>>> print(open('structure-v2.tsv').read())   # TSV, C-alpha atoms and all ligand atoms
chain	number	residue	atom	x	y	z
A	1244	MET	CA	0.00	0.00	0.00
A	1245	LYS	CA	1.19	3.55	-0.78
A	1246	LYS	CA	2.65	5.18	2.32
A	1247	ARG	CA	0.49	8.08	3.54
A	1248	THR	CA	2.49	11.28	3.94
A	1249	THR	CA	-0.25	13.41	5.50
A	1250	PRO	CA	0.46	12.70	9.22
A	1251	SER	CA	4.19	13.50	8.91
A	1252	ARG	CA	3.46	16.66	6.91
A	1253	LYS	CA	1.04	17.91	9.54
A	1254	ARG	CA	3.61	17.16	12.25
A	1255	ASP	CA	6.32	19.04	10.26
A	1256	HIS	CA	4.03	22.07	9.94
A	1257	VAL	CA	3.56	22.42	13.68
A	1258	ALA	CA	7.27	21.81	14.39
A	1259	LEU	CA	8.43	24.34	11.80
A	1260	THR	CA	5.96	27.07	12.69
A	1261	VAL	CA	6.81	26.72	16.37
A	1262	LYS	CA	10.59	26.26	16.17
A	1263	LYS	CA	11.69	28.18	13.07
A	1264	ASP	CA	11.39	31.77	12.01
A	1265	VAL	CA	8.80	31.43	9.29
A	1266	ALA	CA	7.51	35.00	9.41
A	1267	PHE	CA	7.44	37.17	6.32
A	1268	ARG	CA	10.82	38.86	5.94
A	1269	GLY	CA	10.34	42.10	4.04
A	1270	LYS	CA	6.58	42.54	4.36
A	1271	SER	CA	4.22	43.20	7.25
A	1272	ALA	CA	0.47	42.68	7.53
A	1273	GLY	CA	0.24	46.49	7.37
A	1274	PHE	CA	-1.44	47.22	10.71
A	1275	GLU	CA	1.38	49.55	11.80
A	1276	GLU	CA	0.37	51.93	9.01
A	1277	TRP	CA	-2.98	52.57	10.69
A	1278	GLU	CA	-3.69	54.44	13.92
A	1279	PHE	CA	-6.86	54.98	15.90
A	1280	ILE	CA	-7.98	58.58	16.35
A	1281	HIS	CA	-8.12	59.27	20.04
A	1282	ASN	CA	-11.55	60.30	21.27
A	1283	ALA	CA	-11.16	62.50	24.37
A	1284	LEU	CA	-14.93	62.61	24.73
A	1285	PRO	CA	-15.90	58.95	24.36
A	1286	GLU	CA	-19.19	59.46	26.29
A	1287	ILE	CA	-19.31	55.81	27.37
A	1288	ASP	CA	-18.52	53.97	30.59
A	1289	ARG	CA	-15.71	51.46	30.07
A	1290	SER	CA	-17.77	48.85	31.90
A	1291	GLU	CA	-20.43	49.14	29.16
A	1292	VAL	CA	-18.06	48.08	26.39
A	1293	ASP	CA	-19.48	44.88	24.90
A	1294	THR	CA	-17.14	42.83	22.70
A	1295	SER	CA	-19.61	40.01	22.03
A	1296	VAL	CA	-20.74	39.05	18.51
A	1297	THR	CA	-22.78	36.34	16.81
A	1298	PHE	CA	-20.85	34.03	14.51
A	1299	LEU	CA	-22.38	30.99	12.81
A	1300	ASN	CA	-25.51	31.48	14.93
A	1301	LYS	CA	-23.59	31.21	18.19
A	1302	ARG	CA	-22.66	33.92	20.61
A	1303	LEU	CA	-18.95	34.68	21.06
A	1304	SER	CA	-17.56	36.87	23.81
A	1305	PHE	CA	-15.02	38.29	21.34
A	1306	PRO	CA	-14.79	38.15	17.52
A	1307	LEU	CA	-11.79	35.86	17.34
A	1308	MET	CA	-11.19	32.40	15.95
A	1309	VAL	CA	-8.24	30.16	16.67
A	1310	SER	CA	-7.63	29.43	13.03
A	1311	CYS	CA	-7.47	26.02	11.35
A	1312	MET	CA	-4.20	24.29	12.19
A	1313	THR	CA	-3.90	20.69	13.04
A	1314	GLY	CA	-5.16	17.12	13.39
A	1315	GLY	CA	-4.37	13.79	11.76
A	1316	TYR	CA	-1.41	12.54	13.79
A	1317	PRO	CA	-1.08	11.33	17.37
A	1318	GLU	CA	0.17	14.49	19.16
A	1319	ALA	CA	-2.44	16.63	17.40
A	1320	GLU	CA	-5.12	15.31	19.75
A	1321	ARG	CA	-3.50	16.98	22.76
A	1322	ILE	CA	-2.96	20.23	20.83
A	1323	ASN	CA	-6.53	20.44	19.56
A	1324	ARG	CA	-7.89	19.60	23.01
A	1325	ARG	CA	-5.98	22.46	24.62
A	1326	LEU	CA	-6.84	24.93	21.86
A	1327	ALA	CA	-10.51	23.97	22.14
A	1328	GLU	CA	-10.47	24.29	25.93
A	1329	ALA	CA	-9.07	27.81	25.61
A	1330	CYS	CA	-11.79	28.69	23.07
A	1331	ALA	CA	-14.49	27.30	25.36
A	1332	GLU	CA	-13.06	29.22	28.32
A	1333	PHE	CA	-13.06	32.57	26.48
A	1334	GLY	CA	-16.03	32.09	24.15
A	1335	LEU	CA	-14.07	32.04	20.89
A	1336	ALA	CA	-14.46	30.08	17.65
A	1337	MET	CA	-12.02	27.44	16.43
A	1338	GLY	CA	-11.04	25.60	13.27
A	1339	VAL	CA	-9.41	22.20	13.04
A	1340	GLY	CA	-6.60	21.64	10.55
A	1341	SER	CA	-7.06	19.97	7.19
A	1342	GLN	CA	-9.16	16.84	7.65
A	1343	ARG	CA	-7.70	15.20	4.57
A	1344	GLN	CA	-6.03	12.56	6.73
A	1345	ALA	CA	-9.41	11.63	8.20
A	1346	LEU	CA	-10.57	10.70	4.70
A	1347	GLU	CA	-7.53	8.45	4.23
A	1348	ASP	CA	-8.25	6.29	7.28
A	1349	ARG	CA	-9.84	6.35	10.73
A	1350	THR	CA	-6.63	6.07	12.77
A	1351	TYR	CA	-6.55	9.66	14.04
A	1352	HIS	CA	-10.20	10.63	13.94
A	1353	THR	CA	-10.17	11.56	17.62
A	1354	SER	CA	-7.40	14.10	16.96
A	1355	PHE	CA	-10.13	16.11	15.21
A	1356	SER	CA	-13.26	15.16	17.16
A	1357	VAL	CA	-11.54	16.00	20.45
A	1358	ALA	CA	-12.08	19.68	19.64
A	1359	ARG	CA	-15.84	19.19	19.76
A	1360	SER	CA	-15.80	17.04	22.91
A	1361	ALA	CA	-13.58	19.59	24.69
A	1362	ALA	CA	-15.73	22.53	23.56
A	1363	PRO	CA	-19.31	21.35	22.94
A	1364	HIS	CA	-20.80	24.83	22.45
A	1365	ILE	CA	-18.26	26.86	20.46
A	1366	PRO	CA	-18.52	27.54	16.73
A	1367	LEU	CA	-16.19	24.87	15.35
A	1368	VAL	CA	-15.26	24.65	11.69
A	1369	GLY	CA	-13.96	21.78	9.57
A	1370	ASN	CA	-11.26	22.12	6.94
A	1371	ILE	CA	-10.06	20.73	3.62
A	1372	GLY	CA	-7.70	21.92	0.90
A	1373	ALA	CA	-8.65	23.25	-2.52
A	1374	PRO	CA	-7.11	20.36	-4.52
A	1375	GLU	CA	-9.27	17.85	-2.62
A	1376	VAL	CA	-12.36	19.94	-3.33
A	1377	ALA	CA	-11.52	20.02	-7.04
A	1378	ARG	CA	-11.56	16.21	-7.05
A	1379	MET	CA	-14.84	15.78	-5.14
A	1380	LYS	CA	-17.66	14.36	-7.27
A	1381	ASP	CA	-20.24	15.14	-4.59
A	1382	ALA	CA	-20.43	16.40	-1.01
A	1383	SER	CA	-20.42	12.99	0.71
A	1384	ASP	CA	-16.78	13.14	1.90
A	1385	ALA	CA	-17.18	16.71	3.11
A	1386	LEU	CA	-20.36	15.76	4.95
A	1387	ARG	CA	-18.51	12.97	6.77
A	1388	LEU	CA	-15.88	15.50	7.87
A	1389	VAL	CA	-18.56	17.93	9.05
A	1390	GLU	CA	-20.21	15.15	11.06
A	1391	LEU	CA	-16.88	13.97	12.52
A	1392	ILE	CA	-16.54	17.19	14.52
A	1393	GLY	CA	-20.12	18.46	14.64
A	1394	ALA	CA	-18.95	21.41	12.55
A	1395	ASP	CA	-20.87	24.67	12.37
A	1396	ALA	CA	-19.22	25.45	9.02
A	1397	PHE	CA	-16.84	23.80	6.58
A	1398	THR	CA	-13.71	25.65	5.48
A	1399	VAL	CA	-11.97	25.25	2.15
A	1400	HIS	CA	-8.43	26.59	2.13
A	1401	LEU	CA	-7.01	28.03	-1.08
A	1402	ASN	CA	-3.28	27.38	-0.98
A	1403	PRO	CA	-1.79	27.44	-4.51
A	1404	LEU	CA	1.49	28.90	-3.23
A	1405	GLN	CA	1.88	26.17	-0.63
A	1406	GLU	CA	1.04	23.35	-3.05
A	1407	LEU	CA	3.48	24.84	-5.57
A	1408	LEU	CA	6.33	24.75	-3.07
A	1409	GLN	CA	5.47	21.45	-1.39
A	1410	PRO	CA	7.66	18.65	-2.70
A	1411	GLU	CA	4.55	16.42	-2.62
A	1412	GLY	CA	2.16	19.25	-3.56
A	1413	ASN	CA	-0.84	19.01	-5.88
A	1414	THR	CA	-0.93	21.94	-8.27
A	1415	ASN	CA	-4.05	20.98	-10.18
A	1416	PHE	CA	-6.37	23.84	-9.25
A	1417	ARG	CA	-8.79	23.29	-12.14
A	1418	GLY	CA	-12.33	22.84	-10.90
A	1419	VAL	CA	-11.84	24.30	-7.41
A	1420	LEU	CA	-14.49	27.00	-7.83
A	1421	ASN	CA	-17.02	24.48	-9.18
A	1422	GLY	CA	-16.24	22.21	-6.23
A	1423	ILE	CA	-16.80	25.07	-3.81
A	1424	ALA	CA	-20.12	25.94	-5.48
A	1425	MET	CA	-21.17	22.28	-5.19
A	1426	LEU	CA	-20.33	22.28	-1.47
A	1427	VAL	CA	-22.23	25.55	-0.92
A	1428	ARG	CA	-25.30	23.98	-2.57
A	1429	SER	CA	-25.03	20.59	-0.88
A	1430	LEU	CA	-23.72	20.95	2.66
A	1431	PRO	CA	-26.09	21.60	5.56
A	1432	VAL	CA	-23.63	24.14	7.01
A	1433	PRO	CA	-22.06	27.29	5.50
A	1434	VAL	CA	-18.82	27.08	3.54
A	1435	ILE	CA	-15.99	29.37	4.61
A	1436	VAL	CA	-13.26	29.99	2.05
A	1437	LYS	CA	-9.88	31.05	3.37
A	1438	GLU	CA	-6.37	31.61	2.12
A	1439	ILE	CA	-3.50	30.62	4.37
A	1440	GLY	CA	-1.30	33.72	4.24
A	1441	ALA	CA	-1.32	35.11	0.71
A	1442	GLY	CA	-4.67	36.94	0.81
A	1443	ILE	CA	-7.83	37.10	-1.29
A	1444	SER	CA	-8.02	39.71	-4.07
A	1445	ALA	CA	-11.18	41.67	-4.94
A	1446	ASP	CA	-11.59	39.55	-8.09
A	1447	VAL	CA	-11.26	36.23	-6.26
A	1448	ALA	CA	-13.71	37.43	-3.59
A	1449	LEU	CA	-16.20	38.38	-6.30
A	1450	ARG	CA	-15.93	34.98	-7.97
A	1451	LEU	CA	-16.39	33.27	-4.60
A	1452	THR	CA	-19.51	35.27	-3.80
A	1453	GLU	CA	-20.88	34.54	-7.28
A	1454	ALA	CA	-20.41	30.86	-6.44
A	1455	GLY	CA	-22.56	31.42	-3.35
A	1456	VAL	CA	-19.85	31.77	-0.68
A	1457	ARG	CA	-20.88	34.05	2.20
A	1458	TYR	CA	-17.88	33.62	4.52
A	1459	ILE	CA	-14.43	34.75	3.37
A	1460	ASP	CA	-11.34	34.63	5.58
A	1461	VAL	CA	-8.75	36.78	3.82
A	1462	ALA	CA	-5.72	35.19	5.60
A	1463	GLY	CA	-3.40	37.78	4.15
A	1464	ALA	CA	0.36	38.17	3.97
A	1465	GLY	CA	2.48	39.47	6.81
A	1466	GLY	CA	2.16	36.72	9.44
A	1467	THR	CA	3.17	33.13	8.80
A	1468	SER	CA	4.86	32.65	5.44
A	1469	TRP	CA	3.65	29.32	4.10
A	1470	ALA	CA	6.13	29.66	1.27
A	1471	GLY	CA	8.74	29.91	4.03
A	1472	VAL	CA	7.46	26.79	5.79
A	1473	GLU	CA	7.49	24.73	2.60
A	1474	ILE	CA	10.90	26.07	1.52
A	1475	LEU	CA	12.30	24.84	4.85
A	1476	ARG	CA	10.78	21.40	4.20
A	1477	ARG	CA	12.74	21.11	0.94
A	1478	ALA	CA	16.26	19.70	0.68
A	1479	LYS	CA	18.92	22.32	1.55
A	1480	ASN	CA	20.26	22.41	-2.01
A	1481	ASP	CA	16.77	23.00	-3.39
A	1482	ARG	CA	15.77	26.04	-1.35
A	1483	GLN	CA	17.49	29.04	-2.85
A	1484	GLN	CA	15.63	29.09	-6.15
A	1485	TRP	CA	12.31	29.37	-4.31
A	1486	ASP	CA	13.42	32.16	-1.99
A	1487	PRO	CA	11.90	35.00	-4.10
A	1488	LEU	CA	8.47	33.57	-3.25
A	1489	TRP	CA	9.01	33.74	0.56
A	1490	ASP	CA	7.16	37.09	0.82
A	1491	TRP	CA	4.54	36.44	-1.89
A	1492	GLY	CA	1.01	37.59	-1.18
A	1493	ILE	CA	-1.41	40.46	-0.56
A	1494	ARG	CA	-0.88	42.09	2.82
A	1495	THR	CA	-3.69	41.56	5.30
A	1496	THR	CA	-4.71	45.22	5.50
A	1497	ASP	CA	-4.71	45.42	1.68
A	1498	THR	CA	-6.68	42.21	1.14
A	1499	LEU	CA	-9.21	43.40	3.73
A	1500	ARG	CA	-9.62	46.67	1.87
A	1501	GLN	CA	-10.19	44.71	-1.35
A	1502	VAL	CA	-12.76	42.29	0.06
A	1503	VAL	CA	-14.72	44.41	2.58
A	1504	PRO	CA	-16.31	46.70	-0.09
A	1505	LEU	CA	-18.13	43.64	-1.51
A	1506	LYS	CA	-20.25	43.60	1.64
A	1507	ALA	CA	-22.20	46.56	0.23
A	1508	SER	CA	-23.48	44.47	-2.70
A	1509	VAL	CA	-23.51	40.97	-1.15
A	1510	PRO	CA	-25.96	40.85	1.76
A	1511	GLY	CA	-24.86	38.53	4.55
A	1512	LEU	CA	-21.21	38.42	3.47
A	1513	THR	CA	-19.07	37.82	6.56
A	1514	VAL	CA	-15.42	38.80	6.29
A	1515	ILE	CA	-12.81	37.35	8.60
A	1516	GLY	CA	-9.60	39.33	8.98
A	1517	SER	CA	-6.52	37.18	9.53
A	1518	GLY	CA	-2.87	36.77	8.63
A	1519	GLY	CA	-0.32	38.40	10.90
A	1520	ILE	CA	-2.75	39.38	13.65
A	1521	THR	CA	-0.57	39.45	16.75
A	1522	SER	CA	-2.47	41.52	19.32
A	1523	GLY	CA	-5.85	42.79	20.42
A	1524	MET	CA	-4.88	46.09	18.80
A	1525	ASP	CA	-4.52	44.28	15.44
A	1526	CYS	CA	-7.94	42.65	15.99
A	1527	ALA	CA	-9.43	46.09	16.63
A	1528	LYS	CA	-7.78	47.50	13.50
A	1529	ALA	CA	-9.03	44.60	11.34
A	1530	ILE	CA	-12.55	45.22	12.62
A	1531	ALA	CA	-12.27	48.97	12.05
A	1532	LEU	CA	-11.19	48.12	8.48
A	1533	GLY	CA	-14.52	46.32	8.13
A	1534	ALA	CA	-13.86	42.72	9.19
A	1535	ASP	CA	-16.70	41.02	11.10
A	1536	MET	CA	-14.39	38.51	12.77
A	1537	THR	CA	-10.68	38.04	13.24
A	1538	ALA	CA	-8.52	34.92	13.37
A	1539	ALA	CA	-4.95	33.95	14.15
A	1540	ALA	CA	-2.96	30.74	14.03
A	1541	ARG	CA	0.77	30.80	14.68
A	1542	PRO	CA	0.71	33.19	17.66
A	1543	PHE	CA	-1.54	30.72	19.52
A	1544	ILE	CA	0.18	27.45	18.68
A	1545	LYS	CA	3.60	28.93	19.37
A	1546	THR	CA	2.55	30.20	22.78
A	1547	LEU	CA	0.86	26.89	23.60
A	1548	MET	CA	3.82	24.75	22.57
A	1549	ASP	CA	6.58	27.01	23.95
A	1550	GLU	CA	4.97	28.22	27.17
A	1551	GLY	CA	1.92	26.06	27.86
A	1552	GLU	CA	-1.79	26.54	28.21
A	1553	LYS	CA	-1.72	29.10	31.00
A	1554	ALA	CA	0.34	31.40	28.79
A	1555	LEU	CA	-2.14	30.81	25.95
A	1556	HIS	CA	-5.01	31.83	28.23
A	1557	ARG	CA	-3.10	34.94	29.35
A	1558	LYS	CA	-2.46	35.89	25.73
A	1559	ILE	CA	-6.13	35.63	24.78
A	1560	GLU	CA	-7.11	37.60	27.89
A	1561	ARG	CA	-4.61	40.32	26.95
A	1562	TRP	CA	-5.92	40.54	23.38
A	1563	ILE	CA	-9.51	40.93	24.58
A	1564	GLY	CA	-8.39	43.57	27.11
A	1565	GLU	CA	-6.50	45.52	24.45
A	1566	CYS	CA	-9.42	45.60	22.06
A	1567	THR	CA	-11.74	46.63	24.89
A	1568	ALA	CA	-9.38	49.53	25.70
A	1569	VAL	CA	-9.44	50.63	22.05
A	1570	MET	CA	-13.23	50.54	22.04
A	1571	PHE	CA	-13.38	52.73	25.16
A	1572	LEU	CA	-10.82	55.18	23.78
A	1573	THR	CA	-12.64	55.51	20.46
A	1574	GLY	CA	-16.09	55.72	22.05
A	1575	ALA	CA	-17.27	52.48	20.44
A	1576	PRO	CA	-19.45	50.50	22.89
A	1577	THR	CA	-19.98	47.52	20.55
A	1578	ILE	CA	-18.04	45.66	17.84
A	1579	GLU	CA	-20.61	46.88	15.30
A	1580	SER	CA	-19.94	50.49	16.30
A	1581	LEU	CA	-16.16	49.93	16.13
A	1582	LYS	CA	-16.67	48.61	12.60
A	1583	ARG	CA	-18.65	51.70	11.58
A	1584	SER	CA	-16.59	54.19	13.59
A	1585	ASN	CA	-14.26	55.80	11.02
A	1586	ALA	CA	-11.88	55.85	13.98
A	1587	LEU	CA	-8.94	54.46	12.03
A	1588	ALA	CA	-6.64	56.76	10.09
A	1589	LYS	CA	-3.82	55.88	7.73
A	1590	ILE	CA	-0.52	57.23	9.03
A	1591	GLN	CA	0.86	59.53	6.33
B	1	LIG	C1	0.83	24.84	12.43
B	1	LIG	C2	-0.13	25.40	11.43
B	1	LIG	C3	-0.86	24.53	10.63
B	1	LIG	C4	-1.79	25.03	9.70
B	1	LIG	N1	-2.58	24.15	9.00
B	1	LIG	C5	-3.63	24.63	8.28
B	1	LIG	C6	-4.59	23.76	7.72
B	1	LIG	O1	-4.51	22.54	7.85
B	1	LIG	N2	-5.62	24.32	7.03
B	1	LIG	C7	-5.75	25.68	6.88
B	1	LIG	O2	-6.73	26.14	6.30
B	1	LIG	N3	-4.83	26.51	7.36
B	1	LIG	C8	-3.79	26.04	8.08
B	1	LIG	N4	-2.88	26.91	8.63
B	1	LIG	C9	-2.94	28.34	8.25
B	1	LIG	C10	-3.64	29.19	9.27
B	1	LIG	O3	-4.97	28.79	9.47
B	1	LIG	C11	-3.59	30.69	8.90
B	1	LIG	O4	-4.45	30.95	7.82
B	1	LIG	C12	-2.20	31.19	8.53
B	1	LIG	O5	-1.19	30.59	9.32
B	1	LIG	C13	-2.09	32.71	8.68
B	1	LIG	O6	-2.37	33.12	10.00
B	1	LIG	P1	-1.20	33.54	11.05
B	1	LIG	O7	-0.38	34.61	10.39
B	1	LIG	O8	-1.99	34.01	12.26
B	1	LIG	O9	-0.42	32.29	11.34
B	1	LIG	C14	-1.96	26.44	9.56
B	1	LIG	C15	-1.20	27.30	10.37
B	1	LIG	C16	-0.31	26.81	11.30
B	1	LIG	C17	0.49	27.78	12.14
>>> encode(input="structure-v2.tsv", output="structure tokens", more="lines below")
Ligand SMILES: Cc1cc2nc3c(=O)[nH]c(=O)nc-3n(C[C@H](O)[C@H](O)[C@H](O)COP(=O)(O)O)c2cc1C
Amino acid sequence: MKKRTTPSRKRDHVALTVKKDVAFRGKSAGFEEWEFIHNALPEIDRSEVDTSVTFLNKRLSFPLMVSCMTGGYPEAERINRRLAEACAEFGLAMGVGSQRQALEDRTYHTSFSVARSAAPHIPLVGNIGAPEVARMKDASDALRLVELIGADAFTVHLNPLQELLQPEGNTNFRGVLNGIAMLVRSLPVPVIVKEIGAGISADVALRLTEAGVRYIDVAGAGGTSWAGVEILRRAKNDRQQWDPLWDWGIRTTDTLRQVVPLKASVPGLTVIGSGGITSGMDCAKAIALGADMTAAARPFIKTLMDEGEKALHRKIERWIGECTAVMFLTGAPTIESLKRSNALAKIQ
């Protein structure tokens, strides 16, 4: 039988993102170019600031998702359990990593389903890659993955850059959009489409919405470089030629500004701002740029693996506190008012 490479790849991804410097090198997510306008007359009581939102029909205490990362190998069970426990504790959403391995065999199913058992009430989203979606004849496999974790939505990640640089990558992206449209029509839960760190352009967002997608996670450039991760997985003598692609992608603030305007013509479009979000201030800026939700991946797994779950909880608490402070100082009592506040100015 052909040896399955998925579990070792998923293990490599966690190890590399935690232990190596896989950040973008010459490009940031762009948040430092934006500054909130101080409101010396906020006319609200700090204790009234309400950061809660509704996402996938569930109430969150803060518009943040621990983004899709892992599953499909033995140690992933412990990681997903601890990430899910943190999400349950703080009322956040969570995604599991690509469930492709769960389609290959049942060996590590609990490494995914543990997220639901550890956090029965959070919005939890499933995940699969674009090349798998292109190959799907119908939604039956996706439905099995949704059921495996009791998912509130199913995420398709668009990762042409990663597949291009992966030694074992699949670069046949023909039919992905049709596959996504089929899933939107057939699944009982919404389909979220995300990038993984290279962003979604206005044109791609338009094509996705025309295919019926109502949840887009921009996952822009400036945080984890997935080109970087895959370059480091290649043999040493085969890295240099790929180096120019390390910083490829649309910065998070730019991709947000390309996708958010579509909300005016696509009712119900939910935009998730992610890619290089490293603080509650960044979350606040993404929301003020028009995102409905925010998400982050590497900052959470790195803290969990390097410093443990208490440090992860402290980090989430700090992010929520920072965003709450911004809302007080801009006179925005709710996330909706922060979104509509015009409180963010581009630094000249
Ligand atoms: C260890 C790790 C594994 C990941 N695996 C997946 C995955 O299986 N599916 C997916 O859609 N995104 C995956 N991602 C990408 C993240 O969900 C996210 O879009 C990307 O890392 C950018 O966010 P960041 O800058 O906050 O890390 C992974 C990220 C990390 C750090």
>>> atom_distance(input="structure-v2.tsv", atom1="atom C17 of ligand LIG 1 (chain B)", atom2="atom CA of Thr1260 of chain A")
5.5 Å
>>> closest_residue(input="structure-v2.tsv", among="A:Asn1323, A:Gln1409, A:Thr1467, A:Asn1300", to="Arg1541 of chain A", atoms="all atoms listed in the file")
A:Thr1467
>>> closest_residue(input="structure-v2.tsv", among="A:Arg1321, A:Lys1380, A:Arg1343, A:Lys1479", to="ligand LIG 1 (chain B)", atoms="all atoms listed in the file")
A:Arg1343
>>> residues_around(input="structure-v2.tsv", residues="Cys1526 of chain A", least_positions_apart="4", cutoff="10 Å", atoms="only C-alpha atoms", output="short mmCIF file (atom, residue, chain, number, x, y, z; two decimals) with C-alpha atoms, in the coordinates of the input")
data_model
loop_
_atom_site.label_atom_id
_atom_site.label_comp_id
_atom_site.auth_asym_id
_atom_site.auth_seq_id
_atom_site.Cartn_x
_atom_site.Cartn_y
_atom_site.Cartn_z
CA PHE A 1274 -1.44 47.22 10.71
CA PHE A 1305 -15.02 38.29 21.34
CA PRO A 1306 -14.79 38.15 17.52
CA LEU A 1307 -11.79 35.86 17.34
CA GLY A 1516 -9.60 39.33 8.98
CA SER A 1517 -6.52 37.18 9.53
CA ILE A 1520 -2.75 39.38 13.65
CA THR A 1521 -0.57 39.45 16.75
CA SER A 1522 -2.47 41.52 19.32
CA ILE A 1530 -12.55 45.22 12.62
CA ALA A 1531 -12.27 48.97 12.05
CA LEU A 1532 -11.19 48.12 8.48
CA ALA A 1534 -13.86 42.72 9.19
CA MET A 1536 -14.39 38.51 12.77
CA THR A 1537 -10.68 38.04 13.24
CA ALA A 1538 -8.52 34.92 13.37
CA ALA A 1539 -4.95 33.95 14.15
CA TRP A 1562 -5.92 40.54 23.38
CA ILE A 1563 -9.51 40.93 24.58
CA GLU A 1565 -6.50 45.52 24.45
CA CYS A 1566 -9.42 45.60 22.06
#
>>> closest_residue(input="structure-v2.tsv", among="A:Glu1328, A:Asp1535, A:Glu1390, A:Asp1384", to="Thr1513 of chain A", atoms="all atoms listed in the file")
A:Asp1535
>>> closest_residue(input="structure-v2.tsv", among="A:Met1548, A:Val1389, A:Ala1382, A:Leu1284", to="Gly1369 of chain A", atoms="all atoms listed in the file")
A:Val1389
>>> closest_residue(input="structure-v2.tsv", among="A:Leu1512, A:Ile1371, A:Val1502, A:Ala1327", to="ligand LIG 1 (chain B)", atoms="all atoms listed in the file")
A:Ile1371
>>> residues_around(input="structure-v2.tsv", residues="Thr1577 of chain A", least_positions_apart="6", cutoff="7 Å", atoms="only C-alpha atoms", output="number ranges by chain")
A: 1292-1294
